[in-house]
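Accompanying notes for the structure given below.
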Amino acid sequence: DEAYALKREGRDSFGQEAVDTLVLEMENRRSELVVIMAGYTREMKEFFLSNSGLESRFPLVFDFPDYSYPDMAKIFHTMASAAGLRVHPDVAGQKLIDLIQDAIPKTVASKGNARAVRNLLDTVLQRQTDRVAEQGTSSLDALFTLEEVDFRPPPSGGGGG
């Protein structure tokens with residue numbers, strides 16, 4: 001993943017040496033070696049230019065579209081469930097999609113948007129924890145339920161602490 005990190009323009013020669021070695025090994029061991037690289041489209045195109053033989057050794061290129069906001073809502077639900085959390089029924093469906101769209105701008109969503117969803121879950125969980133602690137709620141349901149308010153930043157200028 002992020003294969004282009006091997007080639008940082010002008011930073012060091014190790015990355016270029018690694019690329020050159022990889023190309024050589026891909027040629028010498030082509031019947032024994034499978035190499036899969038992943039990364040953002042623009043950066044990968046630049047990376048392939050770092051060695052004249054590199055691009056020709058990757059005849060298959062798959063371009064995966066960014067997740068849509070409905071996809072990200074499904075991912076959020078899956079991640080929350082895996083963490084033992086549940087999304088309140090009032091935040092289901094289109095409401096969850098809208099909250100995610102408000103929280104993750106397209107500019108962020110276009111770069112590693114499953115990571116953006118994970119970061120959002122972390123933020124929402126922190127807000128949920130703060131909310132439950134402030135309310136003094138001790139029910140198990142409250143401890144594991146994410147509500148709409150948890151998706152919204154706290155009002156600025158508030159007390160706290």
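The way I read the labels, and the way they are meant: chains A, B, ... in the order of the structure tokens, residue 1 as the first residue of every chain, and ligand 1 as the first ligand shown, with later ones counted on from there.
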
Inset, instruction - Would you kindly return, as a PyMOL selection string, each protein, DNA or RNA residue with an atom no farther than 12 Å from any atom of A:Leu96, considering only C-alpha atoms and excluding same-chain residues fewer than 3 positions away? - result: chain A and resi 69-77+87-93+99-104+117+146-152

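Scanning chain A with DSSP on the backbone, the strand (DSSP E or B) assignments fall on A:Arg86, A:Val87, A:Thr145, A:Leu146.
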
Legend entry - atom CA of A:Ser156 to atom CA of A:Phe144, straight-line distance in Å: 25.7 Å

Inset, instruction - Have a look at A:Leu24, A:Gly84, A:Val35, A:Ser50 and name the one nearest to A:Leu140; count only C-alpha atoms. - result: A:Gly84

Legend entry - Selected residue, from A:Ser81, A:Gln135, A:Thr41, A:Ser52, that lies nearest to A:Ser110 when counting only C-alpha atoms: A:Thr41

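The residue that comes closest to A:Val124, out of A:Pro153, A:Pro59, A:Gly15, A:Gly136 and on the basis of only C-alpha atoms, is A:Pro153.
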
Legend entry - Which of stretch 44-114 of chain A DSSP labels alpha helix (DSSP H), written as a ChimeraX atom specification: /A:44-48,69-82,94-103,106-109,113-114

Legend entry - Proximity to A:Arg30 - best of A:Arg118, A:Asp141, A:Phe48, A:Arg57, only C-alpha atoms: A:Arg57
